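Asker: For reference, the file protein-v3.csv (CSV, C-alpha atoms and all ligand atoms) is included below:
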chain,number,residue,atom,x,y,z
A,57,MET,CA,-9.9,-46.0,-5.3
A,58,ILE,CA,-9.9,-49.7,-6.3
A,59,ARG,CA,-9.7,-50.4,-10.1
A,60,CYS,CA,-9.4,-53.9,-11.6
A,61,GLN,CA,-8.4,-53.9,-15.2
A,62,SER,CA,-8.9,-57.2,-17.2
A,63,LEU,CA,-8.1,-59.0,-13.9
A,64,SER,CA,-7.8,-62.8,-13.9
A,65,TRP,CA,-7.0,-64.7,-10.7
A,66,GLY,CA,-6.9,-68.3,-9.6
A,67,ALA,CA,-4.5,-71.2,-9.9
A,68,PRO,CA,-2.0,-71.1,-12.8
A,69,SER,CA,-3.8,-71.4,-16.1
A,70,GLN,CA,-7.1,-71.8,-14.3
A,71,PRO,CA,-8.7,-68.4,-14.0
A,72,LEU,CA,-11.8,-68.5,-11.7
A,73,THR,CA,-13.9,-66.0,-13.8
A,74,SER,CA,-13.8,-64.1,-17.0
A,75,PRO,CA,-11.5,-61.1,-16.8
A,76,LEU,CA,-12.9,-58.6,-14.4
A,77,ASN,CA,-13.2,-54.8,-15.0
A,78,LEU,CA,-14.3,-53.1,-11.9
A,79,GLN,CA,-14.2,-49.6,-10.3
A,80,LEU,CA,-15.0,-49.1,-6.7
A,81,ASP,CA,-15.0,-45.4,-5.7
A,82,SER,CA,-13.4,-43.9,-2.7
A,83,GLY,CA,-15.8,-44.2,0.3
A,84,SER,CA,-17.8,-47.0,-1.3
A,85,LEU,CA,-19.1,-50.0,0.7
A,86,THR,CA,-19.3,-53.2,-1.4
A,87,ALA,CA,-20.0,-56.8,-0.7
A,88,ILE,CA,-18.6,-59.8,-2.6
A,89,ILE,CA,-21.0,-62.8,-2.6
A,90,GLY,CA,-21.0,-66.2,-4.3
A,91,ALA,CA,-20.9,-69.9,-3.7
A,92,ASN,CA,-18.0,-71.6,-1.9
A,93,GLY,CA,-14.9,-71.8,-4.1
A,94,CYS,CA,-16.0,-69.2,-6.7
A,95,GLY,CA,-13.0,-67.0,-5.9
A,96,LYS,CA,-14.1,-64.3,-3.4
A,97,SER,CA,-11.3,-64.7,-0.9
A,98,SER,CA,-8.7,-65.0,-3.7
A,99,LEU,CA,-10.0,-61.8,-5.3
A,100,LEU,CA,-9.5,-60.0,-1.9
A,101,LYS,CA,-6.0,-61.4,-1.6
A,102,VAL,CA,-5.2,-60.2,-5.2
A,103,ILE,CA,-6.5,-56.7,-4.4
A,104,ALA,CA,-4.5,-56.8,-1.1
A,105,GLY,CA,-1.3,-57.7,-3.1
A,106,LEU,CA,-1.0,-61.1,-1.2
A,107,GLN,CA,-1.6,-63.1,-4.3
A,108,LYS,CA,-0.4,-62.4,-7.8
A,109,PRO,CA,-3.0,-62.0,-10.5
A,110,LEU,CA,-2.8,-64.4,-13.5
A,111,ALA,CA,-3.4,-61.4,-15.8
A,112,GLY,CA,-4.5,-57.8,-15.7
A,113,LYS,CA,-3.9,-55.2,-12.9
A,114,VAL,CA,-5.2,-53.8,-9.7
A,115,LEU,CA,-4.8,-50.1,-9.3
A,116,LEU,CA,-5.2,-48.6,-5.9
A,117,GLY,CA,-5.6,-44.9,-4.9
A,118,VAL,CA,-3.6,-45.5,-1.8
A,119,PRO,CA,-0.2,-47.0,-1.0
A,120,ARG,CA,-0.6,-50.8,-0.4
A,121,GLN,CA,1.6,-50.9,2.7
A,122,SER,CA,0.0,-48.2,4.7
A,123,GLY,CA,-3.3,-47.5,3.0
A,124,LEU,CA,-4.9,-50.9,3.1
A,125,SER,CA,-5.9,-53.3,5.8
A,126,PHE,CA,-6.9,-56.9,5.3
A,127,LEU,CA,-9.0,-59.0,7.7
A,128,PRO,CA,-8.1,-62.7,6.9
A,129,GLN,CA,-10.3,-65.6,7.7
A,130,GLN,CA,-9.2,-66.8,11.2
A,131,GLN,CA,-8.4,-70.3,10.1
A,132,HIS,CA,-5.3,-68.8,8.5
A,133,LEU,CA,-4.0,-67.5,11.8
A,134,ASP,CA,-1.5,-69.6,13.8
A,135,ARG,CA,-3.2,-70.1,17.2
A,136,GLN,CA,0.0,-71.6,18.6
A,137,PHE,CA,1.8,-68.3,18.1
A,138,PRO,CA,2.9,-67.3,21.6
A,139,ILE,CA,1.2,-64.0,22.0
A,140,ASN,CA,-1.8,-62.9,24.0
A,141,LEU,CA,-4.9,-61.1,22.9
A,142,GLN,CA,-3.6,-57.6,23.8
A,143,GLU,CA,-0.4,-58.2,21.8
A,144,LEU,CA,-2.5,-59.3,18.8
A,145,VAL,CA,-4.7,-56.2,18.9
A,146,ALA,CA,-1.7,-53.9,19.4
A,147,ALA,CA,-0.2,-55.2,16.1
A,148,GLY,CA,-2.7,-52.9,14.5
A,149,PHE,CA,-0.2,-50.1,15.4
A,150,TRP,CA,2.4,-51.7,13.2
A,151,GLY,CA,4.5,-49.1,11.3
A,152,ARG,CA,2.9,-46.1,13.0
A,153,ARG,CA,4.6,-43.5,15.1
A,154,LEU,CA,2.4,-42.7,18.1
A,155,SER,CA,3.2,-41.5,21.6
A,156,THR,CA,3.0,-44.2,24.3
A,157,GLN,CA,0.1,-42.3,25.9
A,158,LEU,CA,-1.9,-42.2,22.6
A,159,ARG,CA,-1.2,-45.9,22.0
A,160,ALA,CA,-2.4,-46.8,25.5
A,161,GLN,CA,-5.6,-44.7,25.0
A,162,ARG,CA,-6.4,-46.1,21.6
A,163,LEU,CA,-5.7,-49.7,22.6
A,164,HIS,CA,-8.0,-49.3,25.7
A,165,ALA,CA,-10.7,-47.9,23.5
A,166,ALA,CA,-10.4,-50.7,20.9
A,167,LEU,CA,-10.6,-53.3,23.6
A,168,GLU,CA,-13.6,-51.7,25.0
A,169,ASN,CA,-15.3,-51.1,21.7
A,170,TRP,CA,-15.0,-54.8,20.8
A,171,HIS,CA,-16.0,-56.0,24.3
A,172,LEU,CA,-12.6,-57.6,25.0
A,173,HIS,CA,-11.8,-56.2,28.4
A,174,GLY,CA,-10.7,-59.0,30.8
A,175,LEU,CA,-9.3,-61.1,28.0
A,176,GLU,CA,-6.1,-59.0,27.4
A,177,GLN,CA,-3.6,-61.6,28.8
A,178,ARG,CA,-5.3,-64.6,27.3
A,179,PRO,CA,-3.1,-66.6,24.9
A,180,LEU,CA,-4.5,-67.0,21.4
A,181,MET,CA,-5.0,-70.7,21.8
A,182,ALA,CA,-7.3,-70.1,24.8
A,183,LEU,CA,-9.7,-67.7,23.0
A,184,SER,CA,-13.1,-68.8,21.6
A,185,GLY,CA,-13.7,-68.3,17.9
A,186,GLY,CA,-15.9,-65.3,18.5
A,187,GLU,CA,-13.4,-63.7,20.9
A,188,LEU,CA,-10.6,-64.2,18.4
A,189,GLN,CA,-12.7,-62.7,15.7
A,190,ARG,CA,-13.4,-59.6,17.8
A,191,ALA,CA,-9.7,-59.3,18.5
A,192,LEU,CA,-8.9,-59.4,14.8
A,193,LEU,CA,-11.5,-56.7,14.2
A,194,ALA,CA,-10.1,-54.6,17.0
A,195,ARG,CA,-6.6,-54.9,15.5
A,196,LEU,CA,-8.0,-53.8,12.1
A,197,SER,CA,-9.7,-50.9,13.8
A,198,LEU,CA,-6.4,-49.6,15.0
A,199,THR,CA,-4.8,-49.4,11.6
A,200,ASP,CA,-6.7,-46.3,10.4
A,201,ALA,CA,-6.3,-47.5,6.8
A,202,PRO,CA,-8.5,-45.8,4.2
A,203,VAL,CA,-9.2,-49.1,2.5
A,204,LEU,CA,-10.5,-52.1,4.4
A,205,LEU,CA,-10.8,-55.6,2.9
A,206,LEU,CA,-12.8,-57.9,5.2
A,207,ASP,CA,-13.0,-61.7,4.5
A,208,GLU,CA,-16.1,-63.1,6.2
A,209,PRO,CA,-15.9,-60.7,9.2
A,210,HIS,CA,-19.1,-62.1,10.6
A,211,ALA,CA,-17.7,-65.6,11.0
A,212,ALA,CA,-17.9,-67.1,14.5
A,213,LEU,CA,-19.7,-63.9,15.9
A,214,ASP,CA,-22.8,-64.3,18.0
A,215,GLU,CA,-25.7,-61.9,17.7
A,216,LEU,CA,-24.1,-59.2,19.9
A,217,GLY,CA,-20.8,-59.6,18.0
A,218,GLN,CA,-22.6,-59.2,14.7
A,219,GLN,CA,-24.4,-56.0,15.9
A,220,LEU,CA,-21.0,-54.6,16.9
A,221,LEU,CA,-19.6,-55.6,13.5
A,222,TRP,CA,-22.3,-53.8,11.5
A,223,GLN,CA,-22.1,-50.7,13.8
A,224,HIS,CA,-18.4,-50.5,13.1
A,225,ILE,CA,-18.8,-51.1,9.3
A,226,HIS,CA,-21.3,-48.3,9.1
A,227,ALA,CA,-19.0,-46.0,11.2
A,228,TRP,CA,-16.0,-46.8,9.0
A,229,HIS,CA,-18.2,-46.1,5.9
A,230,ARG,CA,-19.3,-42.7,7.4
A,231,GLU,CA,-15.7,-41.8,8.0
A,232,GLY,CA,-15.2,-42.1,4.2
A,233,ARG,CA,-13.3,-45.3,4.1
A,234,THR,CA,-13.6,-47.7,1.2
A,235,LEU,CA,-14.8,-51.2,2.3
A,236,VAL,CA,-15.0,-54.5,0.5
A,237,VAL,CA,-16.7,-57.3,2.5
A,238,VAL,CA,-16.9,-60.9,1.6
A,239,CYS,CA,-20.0,-62.2,3.2
A,240,HIS,CA,-22.2,-65.3,3.1
A,241,ASP,CA,-25.1,-63.7,5.1
A,242,LEU,CA,-27.1,-62.5,2.2
A,243,ALA,CA,-29.9,-61.0,4.4
A,244,ALA,CA,-27.2,-58.9,6.2
A,245,VAL,CA,-25.7,-57.9,2.9
A,246,ARG,CA,-29.1,-56.7,1.6
A,247,GLN,CA,-29.7,-54.8,4.8
A,248,HIS,CA,-26.3,-53.2,5.4
A,249,ILE,CA,-24.3,-53.0,2.2
A,250,PRO,CA,-25.5,-50.8,-0.8
A,251,SER,CA,-23.7,-52.6,-3.6
A,252,THR,CA,-22.6,-56.1,-4.3
A,253,LEU,CA,-20.3,-58.0,-6.6
A,254,LEU,CA,-21.9,-61.4,-7.4
A,255,ILE,CA,-19.6,-64.1,-8.7
A,256,LYS,CA,-21.7,-66.8,-10.3
A,257,HIS,CA,-21.1,-69.3,-13.1
A,258,ARG,CA,-17.6,-67.8,-13.5
A,259,GLU,CA,-19.0,-64.3,-14.3
A,260,CYS,CA,-18.9,-61.2,-12.1
A,261,ARG,CA,-21.7,-58.7,-11.8
A,262,LEU,CA,-21.8,-55.5,-9.8
A,263,ALA,CA,-25.2,-54.1,-8.9
A,264,ALA,CA,-27.2,-52.7,-6.1
A,265,SER,CA,-27.5,-55.3,-3.3
A,266,ALA,CA,-31.3,-54.8,-3.2
A,267,GLU,CA,-31.5,-55.7,-7.0
A,268,LEU,CA,-29.2,-58.8,-6.7
A,269,ILE,CA,-30.6,-60.1,-3.5
A,270,GLN,CA,-34.4,-59.7,-3.9
A,271,GLN,CA,-36.2,-62.7,-2.6
A,272,THR,CA,-36.1,-65.3,0.1
A,273,PRO,CA,-34.6,-67.8,0.3
A,274,TYR,CA,-31.7,-65.5,-0.2
A,275,THR,CA,-29.3,-68.3,-1.0
A,276,GLN,CA,-30.9,-68.8,-4.4
A,277,VAL,CA,-29.0,-65.8,-5.7
A,278,ALA,CA,-25.6,-67.3,-5.3
B,301,LIG,N1,-3.3,-71.8,-2.9
B,301,LIG,C1,-4.2,-72.4,-3.7
B,301,LIG,N2,-3.8,-73.3,-4.6
B,301,LIG,C2,-4.7,-73.8,-5.5
B,301,LIG,N3,-6.0,-73.6,-5.4
B,301,LIG,C3,-6.4,-72.7,-4.5
B,301,LIG,C4,-5.6,-72.0,-3.6
B,301,LIG,N4,-6.3,-71.2,-2.9
B,301,LIG,C5,-7.6,-71.3,-3.3
B,301,LIG,N5,-7.6,-72.2,-4.3
B,301,LIG,C6,-8.9,-72.6,-5.0
B,301,LIG,O1,-9.4,-71.5,-5.6
B,301,LIG,C7,-10.8,-71.5,-5.6
B,301,LIG,C8,-11.3,-70.3,-5.0
B,301,LIG,O2,-10.9,-70.2,-3.6
B,301,LIG,P1,-11.4,-69.0,-2.7
B,301,LIG,O3,-10.9,-69.3,-1.3
B,301,LIG,O4,-11.1,-67.7,-3.4
B,301,LIG,O5,-13.0,-69.3,-2.7
B,301,LIG,P2,-14.2,-68.5,-1.9
B,301,LIG,O6,-15.2,-68.0,-3.0
B,301,LIG,O7,-13.6,-67.5,-1.0
B,301,LIG,O8,-14.8,-69.7,-1.1
B,301,LIG,P3,-15.5,-69.9,0.3
B,301,LIG,O9,-16.8,-69.3,0.2
B,301,LIG,O10,-15.5,-71.4,0.5
B,301,LIG,O11,-14.6,-69.2,1.4
B,301,LIG,C9,-11.2,-72.8,-4.8
B,301,LIG,O12,-11.6,-73.8,-5.7
B,301,LIG,C10,-9.9,-73.1,-4.0
B,301,LIG,O13,-9.9,-74.5,-3.8
Re-express the file's structure as structure tokens.

Answerer:
Amino acid sequence: MIRCQSLSWGAPSQPLTSPLNLQLDSGSLTAIIGANGCGKSSLLKVIAGLQKPLAGKVLLGVPRQSGLSFLPQQQHLDRQFPINLQELVAAGFWGRRLSTQLRAQRLHAALENWHLHGLEQRPLMALSGGELQRALLARLSLTDAPVLLLDEPHAALDELGQQLLWQHIHAWHREGRTLVVVCHDLAAVRQHIPSTLLIKHRECRLAASAELIQQTPYTQVA
């Protein structure tokens, strides 16, 4: 489903790691972990087609436009943009032909699933960090894309929000979607995500999460 062949990424002439060869099967759930600045988000952007690789290729088993959804870190979002929460979430329907009734039903369900009722008309700039994060996740949930790339989806979420997040990640996985999740919460990765790509000392290693993240303090691994 996602294959990286001799992939290099980073700033021009400054690849962040050795060339990466990686195959993530359809329906797999994989974390990417590593220290700040090692290249996790950039790798997701290269897979998403938002950033050009320096060398090598990414092959996807789905069309990039319709088959892949990317959850960016929320600091990349323009909070001054004059839309409200409901309009942000409904952007998950972009490019899809659905009846007005089905849209309304699915939007209602997404708002409910992410505990966003009552906030529909709130402008983006008036949302808390956790509310905005749940809205971005609700938008993602409306896309129905078979490949989901999530960049630090747990950021800004409180305990309840994190429970919701992991419930949804497991549900998407059970539906057969392919997920790649950048995450700094190594305990959660070990608990919830079966395999992990560790980027460390400019090398990448894919292994079972329980093998890579064995001991406390978990942060030693990265
Ligand atoms: N547009 C850019 N131009 C130049 N350098 C960049 C650009 N974007 C990212 N970088 C650099 O590339 C490196 C990797 O960045 P990236 O955002 O992928 O790291 P990360 O592993 O996701 O880090 P974090 O855990 O802090 O989110 C960093 O040193 C960063 O400063």

Asker: Could you report the residues within 12 Å of ligand LIG 301 (chain B), using only C-alpha atoms and all ligand atoms, as a PDB file with C-alpha atoms, in the frame of the given file?

Answerer:
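Saved as out-v3.pdb:
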ATOM      1  CA  TRP A  65      -7.000 -64.700 -10.700  1.00  0.00           C
ATOM      2  CA  GLY A  66      -6.900 -68.300  -9.600  1.00  0.00           C
ATOM      3  CA  ALA A  67      -4.500 -71.200  -9.900  1.00  0.00           C
ATOM      4  CA  PRO A  68      -2.000 -71.100 -12.800  1.00  0.00           C
ATOM      5  CA  SER A  69      -3.800 -71.400 -16.100  1.00  0.00           C
ATOM      6  CA  GLN A  70      -7.100 -71.800 -14.300  1.00  0.00           C
ATOM      7  CA  PRO A  71      -8.700 -68.400 -14.000  1.00  0.00           C
ATOM      8  CA  LEU A  72     -11.800 -68.500 -11.700  1.00  0.00           C
ATOM      9  CA  THR A  73     -13.900 -66.000 -13.800  1.00  0.00           C
ATOM     10  CA  ILE A  88     -18.600 -59.800  -2.600  1.00  0.00           C
ATOM     11  CA  ILE A  89     -21.000 -62.800  -2.600  1.00  0.00           C
ATOM     12  CA  GLY A  90     -21.000 -66.200  -4.300  1.00  0.00           C
ATOM     13  CA  ALA A  91     -20.900 -69.900  -3.700  1.00  0.00           C
ATOM     14  CA  ASN A  92     -18.000 -71.600  -1.900  1.00  0.00           C
ATOM     15  CA  GLY A  93     -14.900 -71.800  -4.100  1.00  0.00           C
ATOM     16  CA  CYS A  94     -16.000 -69.200  -6.700  1.00  0.00           C
ATOM     17  CA  GLY A  95     -13.000 -67.000  -5.900  1.00  0.00           C
ATOM     18  CA  LYS A  96     -14.100 -64.300  -3.400  1.00  0.00           C
ATOM     19  CA  SER A  97     -11.300 -64.700  -0.900  1.00  0.00           C
ATOM     20  CA  SER A  98      -8.700 -65.000  -3.700  1.00  0.00           C
ATOM     21  CA  LEU A  99     -10.000 -61.800  -5.300  1.00  0.00           C
ATOM     22  CA  LEU A 100      -9.500 -60.000  -1.900  1.00  0.00           C
ATOM     23  CA  LYS A 101      -6.000 -61.400  -1.600  1.00  0.00           C
ATOM     24  CA  VAL A 102      -5.200 -60.200  -5.200  1.00  0.00           C
ATOM     25  CA  ILE A 103      -6.500 -56.700  -4.400  1.00  0.00           C
ATOM     26  CA  LEU A 106      -1.000 -61.100  -1.200  1.00  0.00           C
ATOM     27  CA  GLN A 107      -1.600 -63.100  -4.300  1.00  0.00           C
ATOM     28  CA  LYS A 108      -0.400 -62.400  -7.800  1.00  0.00           C
ATOM     29  CA  PRO A 128      -8.100 -62.700   6.900  1.00  0.00           C
ATOM     30  CA  GLN A 129     -10.300 -65.600   7.700  1.00  0.00           C
ATOM     31  CA  GLN A 130      -9.200 -66.800  11.200  1.00  0.00           C
ATOM     32  CA  GLN A 131      -8.400 -70.300  10.100  1.00  0.00           C
ATOM     33  CA  HIS A 132      -5.300 -68.800   8.500  1.00  0.00           C
ATOM     34  CA  LEU A 206     -12.800 -57.900   5.200  1.00  0.00           C
ATOM     35  CA  ASP A 207     -13.000 -61.700   4.500  1.00  0.00           C
ATOM     36  CA  GLU A 208     -16.100 -63.100   6.200  1.00  0.00           C
ATOM     37  CA  PRO A 209     -15.900 -60.700   9.200  1.00  0.00           C
ATOM     38  CA  ALA A 211     -17.700 -65.600  11.000  1.00  0.00           C
ATOM     39  CA  VAL A 237     -16.700 -57.300   2.500  1.00  0.00           C
ATOM     40  CA  VAL A 238     -16.900 -60.900   1.600  1.00  0.00           C
ATOM     41  CA  CYS A 239     -20.000 -62.200   3.200  1.00  0.00           C
ATOM     42  CA  HIS A 240     -22.200 -65.300   3.100  1.00  0.00           C
ATOM     43  CA  ASP A 241     -25.100 -63.700   5.100  1.00  0.00           C
ATOM     44  CA  LEU A 253     -20.300 -58.000  -6.600  1.00  0.00           C
ATOM     45  CA  LEU A 254     -21.900 -61.400  -7.400  1.00  0.00           C
ATOM     46  CA  ILE A 255     -19.600 -64.100  -8.700  1.00  0.00           C
ATOM     47  CA  LYS A 256     -21.700 -66.800 -10.300  1.00  0.00           C
ATOM     48  CA  HIS A 257     -21.100 -69.300 -13.100  1.00  0.00           C
ATOM     49  CA  ARG A 258     -17.600 -67.800 -13.500  1.00  0.00           C
ATOM     50  CA  CYS A 260     -18.900 -61.200 -12.100  1.00  0.00           C
ATOM     51  CA  ALA A 278     -25.600 -67.300  -5.300  1.00  0.00           C
TER      52      ALA A 278
END

Asker: Pick from A:Glu215, A:Ala104, A:Arg153, A:Ala182: nearest to Phe137 in chain A, with all atoms listed in the file counted?

Answerer: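 Of A:Glu215, A:Ala104, A:Arg153, A:Ala182, the one nearest Phe137 in chain A is A:Ala182, counting all atoms listed in the file.
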
Asker: State, in Å with one decimal place, the distance from CA of Pro250 in chain A to CA of Ser84 in chain A.

Answerer: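 Going from CA of Pro250 in chain A over to CA of Ser84 in chain A, I get 8.6 Å.
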
Asker: Report the distance between CA of Leu116 in chain A and CA of Ser64 in chain A in Å, rounded to one decimal place.

Answerer: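 So the two atoms, CA of Leu116 in chain A and CA of Ser64 in chain A, lie 16.5 Å apart.
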
Asker: Any idea what's packed within 10 Å of Ile225 in chain A, counting only C-alpha atoms, ignoring anything in its chain fewer than 2 positions away? Could you give it as a PyMOL selection string?

Answerer: chain A and resi 85+204+206+219-223+227-231+233+235+237+248-249

Asker: Mind checking which residues fall within 10 Å of Phe149 in chain A, counting all atoms listed in the file, ignoring those fewer than 4 positions away in the same chain, and posting them as a PyMOL selection string?

Answerer: chain A and resi 145+153-154+159+162-163+195-200

Asker: Based on the selection just made, write C-alpha atoms of those residues as an mmCIF file, in the frame of the given file.

Answerer:
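The new file again34.cif reads:
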data_model
loop_
_atom_site.group_PDB
_atom_site.id
_atom_site.type_symbol
_atom_site.label_atom_id
_atom_site.label_comp_id
_atom_site.auth_asym_id
_atom_site.auth_seq_id
_atom_site.Cartn_x
_atom_site.Cartn_y
_atom_site.Cartn_z
ATOM 1 C CA VAL A 145 -4.700 -56.200 18.900
ATOM 2 C CA ARG A 153 4.600 -43.500 15.100
ATOM 3 C CA LEU A 154 2.400 -42.700 18.100
ATOM 4 C CA ARG A 159 -1.200 -45.900 22.000
ATOM 5 C CA ARG A 162 -6.400 -46.100 21.600
ATOM 6 C CA LEU A 163 -5.700 -49.700 22.600
ATOM 7 C CA ARG A 195 -6.600 -54.900 15.500
ATOM 8 C CA LEU A 196 -8.000 -53.800 12.100
ATOM 9 C CA SER A 197 -9.700 -50.900 13.800
ATOM 10 C CA LEU A 198 -6.400 -49.600 15.000
ATOM 11 C CA THR A 199 -4.800 -49.400 11.600
ATOM 12 C CA ASP A 200 -6.700 -46.300 10.400
#

Asker: Determine the nearest neighbour of Met181 in chain A from the options A:Ala243, A:Leu141, A:Ala212, A:Leu158, counting all atoms listed in the file.

Answerer: A:Leu141

Asker: Have a look at CA of Ser251 in chain A and CA of Gln79 in chain A and let me know their distance in Å, one decimal.

Answerer: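 Value for the CA of Ser251 in chain A-CA of Gln79 in chain A distance: 12.0 Å.
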
Asker: Calculated over only C-alpha atoms, which of the candidates A:Leu192, A:Ala87, A:Ile139, A:Leu127 has the smallest distance to Leu180 in chain A?

Answerer: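 Looking at the shortest contact to Leu180 in chain A, the residue is A:Ile139.
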
Asker: So which one's closest to Leu110 in chain A, A:Leu76, A:Leu144, A:His164, A:Gly232? Using only C-alpha atoms, please.

Answerer: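 Ranked by minimum distance to Leu110 in chain A, first place goes to A:Leu76.
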
Asker: Could you check the closest approach to Arg59 in chain A for each of A:Gly174, A:Gly148, A:Gly186, A:Gly117 and tell me which residue wins, using only C-alpha atoms?

Answerer: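 Distance minimum relative to Arg59 in chain A lands on A:Gly117.
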
Asker: Would you please work out which residue, of A:Gln142, A:Gln136, A:Gln218, A:Ser82, is nearest to Arg178 in chain A when using all atoms listed in the file?

Answerer: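 Closest candidate: A:Gln142.
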
Asker: So that I can see what lies close to Arg190 in chain A, please list as a list in words the residues with an atom at most 8 Å from it, counting only C-alpha atoms and leaving out residues fewer than 2 positions away in the same chain.

Answerer: Trp170, His171, Leu172, Gly186, Glu187, Leu188, Leu192, Leu193, Ala194, Leu213 and Gly217 of chain A

Asker: Can you write range 65-116 of chain A from the block above with C-alpha atoms, as a PDB file, in the first residue's frame?

Answerer:
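Everything below was put into out.pdb:
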ATOM      1  CA  TRP A  65      14.041  13.643   2.179  1.00  0.00           C
ATOM      2  CA  GLY A  66      14.996  16.879   3.909  1.00  0.00           C
ATOM      3  CA  ALA A  67      16.391  20.251   2.866  1.00  0.00           C
ATOM      4  CA  PRO A  68      18.227  20.373  -0.491  1.00  0.00           C
ATOM      5  CA  SER A  69      21.539  18.412  -0.288  1.00  0.00           C
ATOM      6  CA  GLN A  70      20.826  17.613   3.362  1.00  0.00           C
ATOM      7  CA  PRO A  71      19.030  14.267   3.557  1.00  0.00           C
ATOM      8  CA  LEU A  72      17.764  13.612   7.067  1.00  0.00           C
ATOM      9  CA  THR A  73      18.511   9.859   7.007  1.00  0.00           C
ATOM     10  CA  SER A  74      20.135   7.179   4.883  1.00  0.00           C
ATOM     11  CA  PRO A  75      17.926   6.208   1.926  1.00  0.00           C
ATOM     12  CA  LEU A  76      14.788   4.506   3.194  1.00  0.00           C
ATOM     13  CA  ASN A  77      13.367   1.281   1.781  1.00  0.00           C
ATOM     14  CA  LEU A  78      10.058   0.519   3.414  1.00  0.00           C
ATOM     15  CA  GLN A  79       6.904  -1.416   2.677  1.00  0.00           C
ATOM     16  CA  LEU A  80       3.738  -0.863   4.696  1.00  0.00           C
ATOM     17  CA  ASP A  81       1.017  -3.335   3.796  1.00  0.00           C
ATOM     18  CA  SER A  82      -2.593  -2.502   3.204  1.00  0.00           C
ATOM     19  CA  GLY A  83      -4.448  -2.423   6.520  1.00  0.00           C
ATOM     20  CA  SER A  84      -1.286  -1.930   8.600  1.00  0.00           C
ATOM     21  CA  LEU A  85      -1.015   0.399  11.591  1.00  0.00           C
ATOM     22  CA  THR A  86       2.461   1.887  12.010  1.00  0.00           C
ATOM     23  CA  ALA A  87       3.941   4.551  14.276  1.00  0.00           C
ATOM     24  CA  ILE A  88       6.857   6.820  13.437  1.00  0.00           C
ATOM     25  CA  ILE A  89       8.926   7.827  16.465  1.00  0.00           C
ATOM     26  CA  GLY A  90      12.169   9.701  16.999  1.00  0.00           C
ATOM     27  CA  ALA A  91      13.641  12.836  18.519  1.00  0.00           C
ATOM     28  CA  ASN A  92      12.576  16.359  17.566  1.00  0.00           C
ATOM     29  CA  GLY A  93      13.856  17.295  14.138  1.00  0.00           C
ATOM     30  CA  CYS A  94      14.776  13.758  13.017  1.00  0.00           C
ATOM     31  CA  GLY A  95      12.389  13.998  10.049  1.00  0.00           C
ATOM     32  CA  LYS A  96       9.104  12.344  11.060  1.00  0.00           C
ATOM     33  CA  SER A  97       6.721  15.065   9.852  1.00  0.00           C
ATOM     34  CA  SER A  98       8.749  15.634   6.700  1.00  0.00           C
ATOM     35  CA  LEU A  99       8.508  11.920   5.884  1.00  0.00           C
ATOM     36  CA  LEU A 100       4.712  12.032   6.267  1.00  0.00           C
ATOM     37  CA  LYS A 101       4.580  15.092   3.988  1.00  0.00           C
ATOM     38  CA  VAL A 102       6.707  13.325   1.365  1.00  0.00           C
ATOM     39  CA  ILE A 103       4.401  10.275   1.502  1.00  0.00           C
ATOM     40  CA  ALA A 104       1.389  12.618   1.239  1.00  0.00           C
ATOM     41  CA  GLY A 105       2.932  14.312  -1.806  1.00  0.00           C
ATOM     42  CA  LEU A 106       3.112  17.682  -0.022  1.00  0.00           C
ATOM     43  CA  GLN A 107       6.906  17.768  -0.111  1.00  0.00           C
ATOM     44  CA  LYS A 108       9.186  16.502  -2.874  1.00  0.00           C
ATOM     45  CA  PRO A 109      11.702  13.798  -2.023  1.00  0.00           C
ATOM     46  CA  LEU A 110      15.381  14.558  -2.604  1.00  0.00           C
ATOM     47  CA  ALA A 111      15.760  11.146  -4.252  1.00  0.00           C
ATOM     48  CA  GLY A 112      13.882   7.880  -4.573  1.00  0.00           C
ATOM     49  CA  LYS A 113      10.167   7.259  -4.825  1.00  0.00           C
ATOM     50  CA  VAL A 114       6.983   6.739  -2.877  1.00  0.00           C
ATOM     51  CA  LEU A 115       4.562   4.290  -4.461  1.00  0.00           C
ATOM     52  CA  LEU A 116       0.989   4.228  -3.189  1.00  0.00           C
TER      53      LEU A 116
END
